[in-house]
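Peer 1: This is the content of final.txt (compact mmCIF, N, CA and C atoms):
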# COMPACT_ATOMS: atom_id res chain seq x y z
N MET A 73 16.63 16.22 22.69
CA MET A 73 17.29 15.50 21.61
C MET A 73 16.65 15.89 20.28
N ARG A 74 17.50 16.10 19.32
CA ARG A 74 17.08 16.34 17.93
C ARG A 74 17.82 15.31 17.08
N ILE A 75 17.18 14.87 16.03
CA ILE A 75 17.82 13.96 15.08
C ILE A 75 18.17 14.76 13.84
N TRP A 76 19.45 14.71 13.46
CA TRP A 76 19.95 15.36 12.24
C TRP A 76 20.26 14.26 11.24
N VAL A 77 19.88 14.45 9.99
CA VAL A 77 20.14 13.44 8.95
C VAL A 77 20.95 14.08 7.84
N ASP A 78 22.08 13.45 7.53
CA ASP A 78 22.88 13.83 6.37
C ASP A 78 22.06 13.35 5.17
N GLY A 79 21.17 14.22 4.70
CA GLY A 79 20.09 13.82 3.80
C GLY A 79 20.47 13.39 2.41
N ASP A 80 21.53 13.93 1.84
CA ASP A 80 21.86 13.63 0.45
C ASP A 80 22.22 12.17 0.22
N ALA A 81 22.85 11.53 1.19
CA ALA A 81 23.32 10.16 0.98
C ALA A 81 22.53 9.11 1.77
N CYS A 82 21.54 9.53 2.53
CA CYS A 82 20.79 8.59 3.36
C CYS A 82 19.81 7.80 2.50
N PRO A 83 19.84 6.46 2.60
CA PRO A 83 18.91 5.64 1.82
C PRO A 83 17.45 5.98 2.15
N ALA A 84 16.59 5.94 1.13
CA ALA A 84 15.17 6.27 1.30
C ALA A 84 14.51 5.40 2.37
N VAL A 85 14.84 4.14 2.42
CA VAL A 85 14.23 3.25 3.41
C VAL A 85 14.59 3.67 4.84
N ILE A 86 15.76 4.19 5.04
CA ILE A 86 16.18 4.68 6.36
C ILE A 86 15.45 5.97 6.69
N LYS A 87 15.27 6.84 5.70
CA LYS A 87 14.49 8.06 5.93
C LYS A 87 13.09 7.72 6.38
N GLU A 88 12.49 6.72 5.76
CA GLU A 88 11.12 6.32 6.13
C GLU A 88 11.07 5.85 7.58
N ILE A 89 12.04 5.06 8.00
CA ILE A 89 12.11 4.61 9.39
C ILE A 89 12.23 5.81 10.32
N LEU A 90 13.08 6.76 9.95
CA LEU A 90 13.29 7.94 10.76
C LEU A 90 12.04 8.81 10.84
N PHE A 91 11.33 8.97 9.72
CA PHE A 91 10.10 9.77 9.73
C PHE A 91 9.09 9.17 10.71
N ARG A 92 8.90 7.87 10.62
CA ARG A 92 7.93 7.20 11.53
C ARG A 92 8.37 7.34 12.98
N ALA A 93 9.66 7.17 13.24
CA ALA A 93 10.18 7.24 14.61
C ALA A 93 10.03 8.65 15.18
N ALA A 94 10.31 9.67 14.37
CA ALA A 94 10.21 11.05 14.85
C ALA A 94 8.77 11.39 15.23
N ILE A 95 7.83 10.98 14.40
CA ILE A 95 6.42 11.25 14.69
C ILE A 95 5.96 10.47 15.91
N ARG A 96 6.31 9.19 15.97
CA ARG A 96 5.90 8.34 17.09
C ARG A 96 6.48 8.84 18.42
N ALA A 97 7.77 9.22 18.42
CA ALA A 97 8.45 9.63 19.65
C ALA A 97 8.36 11.14 19.89
N LYS A 98 7.77 11.86 18.93
CA LYS A 98 7.65 13.33 19.05
C LYS A 98 9.02 14.00 19.23
N ILE A 99 9.93 13.61 18.34
CA ILE A 99 11.30 14.14 18.35
C ILE A 99 11.52 14.94 17.07
N ALA A 100 12.13 16.10 17.20
CA ALA A 100 12.44 16.92 16.03
C ALA A 100 13.48 16.22 15.17
N LEU A 101 13.19 16.15 13.88
CA LEU A 101 14.09 15.53 12.92
C LEU A 101 14.31 16.53 11.79
N THR A 102 15.58 16.77 11.47
CA THR A 102 15.91 17.69 10.39
C THR A 102 16.82 16.99 9.39
N LEU A 103 16.38 16.97 8.13
CA LEU A 103 17.24 16.50 7.05
C LEU A 103 18.02 17.71 6.55
N VAL A 104 19.32 17.57 6.43
CA VAL A 104 20.17 18.63 5.90
C VAL A 104 20.69 18.14 4.55
N ALA A 105 20.41 18.92 3.50
CA ALA A 105 20.77 18.49 2.15
C ALA A 105 21.04 19.72 1.28
N ASN A 106 21.73 19.50 0.17
CA ASN A 106 22.00 20.62 -0.73
C ASN A 106 21.03 20.65 -1.91
N GLN A 107 19.95 19.90 -1.78
CA GLN A 107 18.89 19.94 -2.79
C GLN A 107 17.55 19.69 -2.09
N PRO A 108 16.49 20.26 -2.62
CA PRO A 108 15.18 20.02 -2.01
C PRO A 108 14.82 18.54 -2.06
N MET A 109 14.14 18.06 -1.05
CA MET A 109 13.65 16.68 -1.06
C MET A 109 12.35 16.60 -0.31
N TRP A 110 11.60 15.57 -0.59
CA TRP A 110 10.29 15.39 0.02
C TRP A 110 10.44 14.94 1.47
N VAL A 111 9.63 15.53 2.32
CA VAL A 111 9.48 15.07 3.70
C VAL A 111 7.99 15.08 4.01
N PRO A 112 7.53 14.17 4.86
CA PRO A 112 6.10 14.17 5.19
C PRO A 112 5.73 15.42 5.99
N ARG A 113 4.48 15.80 5.88
CA ARG A 113 3.99 16.93 6.68
C ARG A 113 3.91 16.49 8.13
N SER A 114 4.67 17.18 8.96
CA SER A 114 4.68 16.89 10.38
C SER A 114 5.33 18.05 11.10
N GLU A 115 4.82 18.35 12.28
CA GLU A 115 5.45 19.41 13.08
C GLU A 115 6.83 19.00 13.55
N PHE A 116 7.16 17.72 13.45
CA PHE A 116 8.44 17.21 13.95
C PHE A 116 9.51 17.07 12.87
N ILE A 117 9.13 17.20 11.59
CA ILE A 117 10.07 16.92 10.50
C ILE A 117 10.27 18.16 9.63
N THR A 118 11.54 18.53 9.43
CA THR A 118 11.87 19.67 8.57
C THR A 118 13.03 19.31 7.66
N ILE A 119 13.20 20.12 6.64
CA ILE A 119 14.38 19.99 5.79
C ILE A 119 15.10 21.33 5.79
N LEU A 120 16.40 21.26 5.91
CA LEU A 120 17.25 22.45 5.86
C LEU A 120 18.09 22.31 4.59
N THR A 121 17.82 23.16 3.61
CA THR A 121 18.56 23.12 2.35
C THR A 121 19.73 24.09 2.44
N VAL A 122 20.92 23.58 2.18
CA VAL A 122 22.14 24.37 2.23
C VAL A 122 22.70 24.52 0.82
N PRO A 123 23.57 25.50 0.59
CA PRO A 123 24.17 25.65 -0.74
C PRO A 123 25.00 24.42 -1.12
N SER A 124 25.15 24.20 -2.41
CA SER A 124 26.00 23.12 -2.90
C SER A 124 27.44 23.42 -2.54
N GLY A 125 28.21 22.37 -2.39
CA GLY A 125 29.62 22.55 -2.10
C GLY A 125 30.11 21.42 -1.21
N LEU A 126 31.40 21.23 -1.25
CA LEU A 126 32.03 20.15 -0.50
C LEU A 126 31.84 20.37 1.00
N ASN A 127 31.21 19.43 1.67
CA ASN A 127 31.03 19.40 3.12
C ASN A 127 30.16 20.52 3.70
N VAL A 128 29.40 21.22 2.88
CA VAL A 128 28.56 22.31 3.38
C VAL A 128 27.50 21.76 4.33
N ALA A 129 26.83 20.67 3.94
CA ALA A 129 25.80 20.08 4.80
C ALA A 129 26.43 19.56 6.10
N ASP A 130 27.58 18.91 5.99
CA ASP A 130 28.27 18.39 7.17
C ASP A 130 28.61 19.51 8.15
N GLU A 131 29.15 20.59 7.62
CA GLU A 131 29.54 21.71 8.47
C GLU A 131 28.33 22.34 9.15
N LYS A 132 27.19 22.41 8.45
CA LYS A 132 25.98 22.97 9.03
C LYS A 132 25.47 22.09 10.17
N ILE A 133 25.51 20.78 9.98
CA ILE A 133 25.09 19.86 11.04
C ILE A 133 25.96 20.06 12.28
N VAL A 134 27.27 20.08 12.10
CA VAL A 134 28.19 20.24 13.23
C VAL A 134 27.96 21.59 13.91
N GLU A 135 27.72 22.62 13.13
CA GLU A 135 27.48 23.96 13.69
C GLU A 135 26.23 24.00 14.59
N LEU A 136 25.17 23.30 14.17
CA LEU A 136 23.89 23.37 14.88
C LEU A 136 23.72 22.29 15.95
N LEU A 137 24.64 21.37 15.99
CA LEU A 137 24.57 20.19 16.84
C LEU A 137 24.67 20.50 18.33
N ASP A 138 23.88 19.78 19.11
CA ASP A 138 23.93 19.83 20.57
C ASP A 138 24.41 18.46 21.06
N PRO A 139 25.11 18.39 22.17
CA PRO A 139 25.62 17.09 22.64
C PRO A 139 24.54 16.03 22.90
N THR A 140 23.30 16.44 23.06
CA THR A 140 22.23 15.45 23.28
C THR A 140 21.66 14.92 21.97
N ASP A 141 22.13 15.42 20.84
CA ASP A 141 21.55 15.08 19.54
C ASP A 141 22.10 13.78 18.96
N LEU A 142 21.36 13.29 17.98
CA LEU A 142 21.71 12.10 17.21
C LEU A 142 21.87 12.51 15.76
N VAL A 143 22.96 12.07 15.13
CA VAL A 143 23.21 12.36 13.72
C VAL A 143 23.26 11.04 12.96
N ILE A 144 22.50 10.98 11.86
CA ILE A 144 22.49 9.80 10.99
C ILE A 144 23.36 10.12 9.79
N THR A 145 24.46 9.39 9.65
CA THR A 145 25.39 9.64 8.53
C THR A 145 26.26 8.42 8.25
N ALA A 146 26.60 8.27 6.99
CA ALA A 146 27.60 7.27 6.59
C ALA A 146 28.95 7.95 6.36
N ASP A 147 28.99 9.26 6.52
CA ASP A 147 30.20 10.05 6.29
C ASP A 147 31.07 9.98 7.55
N ILE A 148 32.17 9.29 7.46
CA ILE A 148 33.00 9.04 8.64
C ILE A 148 33.65 10.32 9.18
N PRO A 149 34.17 11.23 8.34
CA PRO A 149 34.68 12.48 8.91
C PRO A 149 33.59 13.26 9.66
N LEU A 150 32.37 13.29 9.13
CA LEU A 150 31.27 13.94 9.85
C LEU A 150 31.01 13.22 11.16
N ALA A 151 30.94 11.90 11.13
CA ALA A 151 30.72 11.13 12.36
C ALA A 151 31.80 11.42 13.39
N SER A 152 33.04 11.57 12.94
CA SER A 152 34.14 11.88 13.85
C SER A 152 33.91 13.24 14.52
N ASN A 153 33.49 14.23 13.75
CA ASN A 153 33.21 15.55 14.31
C ASN A 153 32.04 15.51 15.29
N VAL A 154 31.05 14.70 15.00
CA VAL A 154 29.89 14.55 15.87
C VAL A 154 30.31 13.94 17.21
N VAL A 155 31.08 12.87 17.15
CA VAL A 155 31.55 12.19 18.36
C VAL A 155 32.45 13.13 19.16
N GLU A 156 33.31 13.86 18.46
CA GLU A 156 34.21 14.81 19.12
C GLU A 156 33.42 15.89 19.87
N LYS A 157 32.26 16.25 19.34
CA LYS A 157 31.42 17.26 19.96
C LYS A 157 30.56 16.69 21.10
N GLY A 158 30.65 15.37 21.31
CA GLY A 158 29.93 14.74 22.41
C GLY A 158 28.55 14.23 22.07
N ALA A 159 28.16 14.31 20.81
CA ALA A 159 26.85 13.82 20.38
C ALA A 159 26.97 12.38 19.89
N THR A 160 25.86 11.82 19.44
CA THR A 160 25.81 10.43 18.99
C THR A 160 25.71 10.38 17.47
N ALA A 161 26.49 9.51 16.85
CA ALA A 161 26.45 9.32 15.40
C ALA A 161 26.11 7.87 15.10
N LEU A 162 25.18 7.69 14.17
CA LEU A 162 24.71 6.36 13.79
C LEU A 162 24.75 6.23 12.28
N ASP A 163 25.37 5.15 11.81
CA ASP A 163 25.45 4.84 10.40
C ASP A 163 24.11 4.28 9.93
N PRO A 164 23.69 4.54 8.67
CA PRO A 164 22.44 3.97 8.17
C PRO A 164 22.40 2.44 8.16
N ARG A 165 23.53 1.80 8.37
CA ARG A 165 23.55 0.34 8.46
C ARG A 165 23.48 -0.14 9.91
N GLY A 166 23.34 0.81 10.85
CA GLY A 166 23.14 0.45 12.25
C GLY A 166 24.38 0.48 13.11
N GLU A 167 25.52 0.88 12.56
CA GLU A 167 26.74 0.95 13.37
C GLU A 167 26.78 2.26 14.14
N LEU A 168 26.96 2.14 15.44
CA LEU A 168 27.07 3.30 16.30
C LEU A 168 28.54 3.72 16.33
N TYR A 169 28.81 4.98 16.02
CA TYR A 169 30.18 5.48 16.09
C TYR A 169 30.44 5.95 17.52
N THR A 170 31.58 5.58 18.07
CA THR A 170 31.92 5.91 19.45
C THR A 170 33.36 6.44 19.52
N HIS A 171 33.73 6.96 20.69
CA HIS A 171 35.12 7.38 20.89
C HIS A 171 36.06 6.20 20.70
N GLU A 172 35.60 4.99 21.02
CA GLU A 172 36.45 3.80 20.93
C GLU A 172 36.67 3.34 19.49
N ASN A 173 35.70 3.57 18.58
CA ASN A 173 35.88 3.02 17.23
C ASN A 173 36.06 4.06 16.12
N ILE A 174 35.82 5.33 16.40
CA ILE A 174 35.84 6.31 15.31
C ILE A 174 37.24 6.54 14.75
N GLY A 175 38.27 6.48 15.58
CA GLY A 175 39.63 6.66 15.07
C GLY A 175 40.01 5.58 14.07
N GLU A 176 39.67 4.34 14.39
CA GLU A 176 39.95 3.22 13.49
C GLU A 176 39.16 3.36 12.18
N ARG A 177 37.89 3.75 12.27
CA ARG A 177 37.06 3.91 11.07
C ARG A 177 37.61 5.04 10.18
N LEU A 178 38.05 6.12 10.81
CA LEU A 178 38.60 7.24 10.06
C LEU A 178 39.92 6.84 9.37
N ALA A 179 40.77 6.12 10.08
CA ALA A 179 42.04 5.67 9.50
C ALA A 179 41.79 4.73 8.32
N MET A 180 40.83 3.80 8.47
CA MET A 180 40.52 2.87 7.38
C MET A 180 39.93 3.61 6.17
N ARG A 181 39.07 4.58 6.42
CA ARG A 181 38.50 5.37 5.34
C ARG A 181 39.59 6.11 4.58
N ASN A 182 40.53 6.72 5.32
CA ASN A 182 41.62 7.45 4.68
C ASN A 182 42.52 6.53 3.88
N LEU A 183 42.81 5.35 4.42
CA LEU A 183 43.63 4.37 3.70
C LEU A 183 42.95 3.95 2.40
N MET A 184 41.65 3.65 2.48
CA MET A 184 40.93 3.23 1.27
C MET A 184 40.89 4.35 0.23
N ASP A 185 40.74 5.60 0.68
CA ASP A 185 40.78 6.73 -0.24
C ASP A 185 42.12 6.79 -0.97
N GLU A 186 43.21 6.59 -0.22
CA GLU A 186 44.54 6.60 -0.82
C GLU A 186 44.71 5.46 -1.82
N LEU A 187 44.25 4.27 -1.44
CA LEU A 187 44.36 3.12 -2.34
C LEU A 187 43.54 3.32 -3.61
N ARG A 188 42.32 3.84 -3.47
CA ARG A 188 41.50 4.11 -4.66
C ARG A 188 42.15 5.19 -5.52
N GLY A 189 42.69 6.23 -4.87
CA GLY A 189 43.36 7.31 -5.61
C GLY A 189 44.57 6.81 -6.38
N GLY A 190 45.24 5.79 -5.86
CA GLY A 190 46.41 5.23 -6.53
C GLY A 190 46.06 4.08 -7.46
N GLY A 191 44.77 3.81 -7.63
CA GLY A 191 44.34 2.74 -8.52
C GLY A 191 44.55 1.35 -7.94
N LEU A 192 44.82 1.24 -6.65
CA LEU A 192 45.08 -0.06 -6.03
C LEU A 192 43.83 -0.71 -5.44
N ALA A 193 42.75 0.02 -5.38
CA ALA A 193 41.49 -0.53 -4.88
C ALA A 193 40.36 0.11 -5.68
N ALA A 194 39.26 -0.62 -5.81
CA ALA A 194 38.11 -0.11 -6.54
C ALA A 194 36.86 -0.35 -5.72
N GLY A 195 35.80 0.28 -6.15
CA GLY A 195 34.51 0.03 -5.52
C GLY A 195 34.24 0.93 -4.34
N GLY A 196 33.07 0.72 -3.80
CA GLY A 196 32.62 1.49 -2.65
C GLY A 196 31.97 0.56 -1.65
N PRO A 197 30.99 1.07 -0.93
CA PRO A 197 30.34 0.24 0.08
C PRO A 197 29.52 -0.88 -0.55
N ALA A 198 29.29 -1.92 0.23
CA ALA A 198 28.48 -3.05 -0.22
C ALA A 198 27.04 -2.57 -0.44
N PRO A 199 26.29 -3.28 -1.28
CA PRO A 199 24.89 -2.91 -1.49
C PRO A 199 24.12 -2.92 -0.16
N PHE A 200 23.13 -2.03 -0.05
CA PHE A 200 22.32 -1.92 1.15
C PHE A 200 21.36 -3.11 1.19
N ARG A 201 21.32 -3.81 2.32
CA ARG A 201 20.51 -5.04 2.44
C ARG A 201 19.41 -4.89 3.48
N THR A 202 18.49 -5.83 3.48
CA THR A 202 17.42 -5.87 4.49
C THR A 202 18.01 -6.00 5.88
N THR A 203 19.09 -6.74 6.03
CA THR A 203 19.72 -6.89 7.36
C THR A 203 20.29 -5.55 7.84
N ASP A 204 20.76 -4.71 6.90
CA ASP A 204 21.25 -3.39 7.27
C ASP A 204 20.09 -2.53 7.80
N ARG A 205 18.97 -2.58 7.11
CA ARG A 205 17.78 -1.84 7.53
C ARG A 205 17.35 -2.27 8.92
N GLN A 206 17.34 -3.57 9.16
CA GLN A 206 16.92 -4.09 10.47
C GLN A 206 17.91 -3.70 11.56
N ALA A 207 19.20 -3.76 11.26
CA ALA A 207 20.21 -3.37 12.25
C ALA A 207 20.06 -1.89 12.61
N PHE A 208 19.77 -1.06 11.60
CA PHE A 208 19.55 0.36 11.86
C PHE A 208 18.32 0.57 12.75
N ALA A 209 17.21 -0.06 12.38
CA ALA A 209 15.97 0.10 13.14
C ALA A 209 16.16 -0.35 14.58
N ASN A 210 16.86 -1.45 14.79
CA ASN A 210 17.11 -1.94 16.15
C ASN A 210 17.95 -0.96 16.95
N GLN A 211 19.01 -0.45 16.35
CA GLN A 211 19.89 0.50 17.06
C GLN A 211 19.14 1.81 17.36
N LEU A 212 18.34 2.28 16.42
CA LEU A 212 17.55 3.49 16.64
C LEU A 212 16.57 3.27 17.79
N ASP A 213 15.91 2.13 17.81
CA ASP A 213 14.99 1.82 18.91
C ASP A 213 15.70 1.84 20.25
N ARG A 214 16.90 1.26 20.31
CA ARG A 214 17.67 1.27 21.56
C ARG A 214 18.00 2.69 22.01
N LEU A 215 18.42 3.52 21.05
CA LEU A 215 18.77 4.91 21.38
C LEU A 215 17.55 5.70 21.85
N LEU A 216 16.41 5.50 21.22
CA LEU A 216 15.20 6.21 21.61
C LEU A 216 14.68 5.71 22.96
N ALA A 217 14.81 4.42 23.22
CA ALA A 217 14.40 3.88 24.53
C ALA A 217 15.29 4.45 25.64
N LYS A 218 16.58 4.54 25.36
CA LYS A 218 17.51 5.13 26.33
C LYS A 218 17.14 6.58 26.62
N ARG A 219 16.76 7.31 25.60
CA ARG A 219 16.33 8.70 25.76
C ARG A 219 15.09 8.79 26.66
N ARG A 220 14.13 7.89 26.44
CA ARG A 220 12.90 7.90 27.25
C ARG A 220 13.18 7.62 28.72
N ARG A 221 14.17 6.73 28.97
CA ARG A 221 14.51 6.37 30.36
C ARG A 221 15.21 7.50 31.08
N GLY A 222 15.85 8.35 30.31
CA GLY A 222 16.42 9.43 31.05
C GLY A 222 17.64 10.04 30.72
Go ahead and express the file in the form of structure tokens.
Peer 2:
Amino acid sequence: MRIWVDGDACPAVIKEILFRAAIRAKIALTLVANQPMWVPRSEFITILTVPSGLNVADEKIVELLDPTDLVITADIPLASNVVEKGATALDPRGELYTHENIGERLAMRNLMDELRGGGLAAGGPAPFRTTDRQAFANQLDRLLAKRRRG
């Protein structure tokens, strides 16, 4: 198992949780981003910098992904591609994307894009809260425990 992080949009507090988890569990973690960013010195943590451009980081993650991998992303089209490839996708707020829920999430995302484009809806995601951080940490712990069991 390798953990891939859609690095450009991942909250710093979630990156910190992931850094600690990768070192503790001795799991390779790669942040994929279109700009350099700080990562702690560790044999388990790397950053892969890709060129700027629409979906370049997403495409690189999908290209390198293995079905046993975990991808951390709030990008629903990326999560859909991850699930389609048989891997696991986890939102930074702790929501696990599955075959059962990804179609609905993708449809809702597309609808909201259309509504915002037509001026019928405004805004984006709710502010990131402590409960979101805790939900993420709990879900990550469950996924890592499942990996240890087999």
Peer 1: What's the separation between atom C of A:Ile75 and atom CA of A:Ala207, in Å to one decimal place?
Peer 2: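 Those two atoms sit 18.3 Å apart.
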Peer 1: Within stretch 79-222 of chain A, find each residue whose DSSP state, derived from the backbone, is helix (DSSP H, G or I), and express the selection as a PyMOL selection string.
Peer 2: chain A and resi 84-97+128-136+148-156+174-189+202-221
Peer 1: Taking into account only C-alpha atoms, which residue in the set A:Thr102, A:His171, A:Gly166, A:Val122 is nearest to A:Gln206?
Peer 2: A:Gly166
Peer 1: From the options A:Thr118, A:Asn173, A:Thr145, A:Thr202, which residue's atoms come nearest to A:Ala161, counting only N, CA and C atoms?
Peer 2: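 Between A:Thr118, A:Asn173, A:Thr145, A:Thr202, the residue approaching A:Ala161 most closely is A:Thr145.
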Peer 1: Which residue out of A:Glu131, A:Arg74, A:Asp213, A:Leu183 has the minimum interatomic distance to A:Val143 when all atoms listed in the file are used?
Peer 2: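 Comparing A:Glu131, A:Arg74, A:Asp213, A:Leu183 against A:Val143, the winner is A:Arg74.
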Peer 1: Dig up all the protein and nucleic acid residues within 8 Å of (29.6, 16.4, 19.3) in the file frame, using only N, CA and C atoms, and format them as a VMD selection string.
Peer 2: chain A and resid 134 137 to 141 152 to 161
Peer 1: Under the rule that only N, CA and C atoms are counted, which of A:Ala100, A:Arg165, A:Glu176, A:Gly189 is the nearest residue to A:Gln211?
Peer 2: A:Arg165
Peer 1: Give the answer as one residue: which of A:Arg181, A:Ala194, A:Ala146, A:Leu187 has the shortest atom-to-atom distance to A:Tyr169, using only C-alpha atoms?
Peer 2: A:Ala146
Peer 1: Could you tell me how far atom CA of A:Glu115 lies from atom N of A:Leu90, in Å and to one decimal?
Peer 2: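 It comes out at 15.1 Å.
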Peer 1: Could you tell me how far atom C of A:Asn106 lies from atom C of A:Met73, in Å and to one decimal?
Peer 2: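 Atom-to-atom, atom C of A:Asn106 to atom C of A:Met73, that is 23.1 Å.
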Peer 1: Would you mind listing, for every residue of stretch 106-144 of chain A within 8 Å of stretch 78-89 of chain A, the two atoms forming the shortest contact and the distance between them in Å to one decimal, using all atoms listed in the file, sorted by chain and ascending residue number, as JSON lines?
Peer 2:
{"residue": "A:Asn106", "atom": "N", "partner": "A:Asp80", "partner_atom": "N", "distance": 5.8}
{"residue": "A:Gln107", "atom": "N", "partner": "A:Asp80", "partner_atom": "CA", "distance": 6.9}
{"residue": "A:Ala129", "atom": "C", "partner": "A:Asp78", "partner_atom": "CA", "distance": 6.7}
{"residue": "A:Asp130", "atom": "N", "partner": "A:Asp78", "partner_atom": "CA", "distance": 6.9}
{"residue": "A:Ile133", "atom": "CA", "partner": "A:Asp78", "partner_atom": "N", "distance": 7.9}
{"residue": "A:Val143", "atom": "C", "partner": "A:Asp78", "partner_atom": "N", "distance": 6.1}
{"residue": "A:Ile144", "atom": "C", "partner": "A:Asp78", "partner_atom": "N", "distance": 4.2}
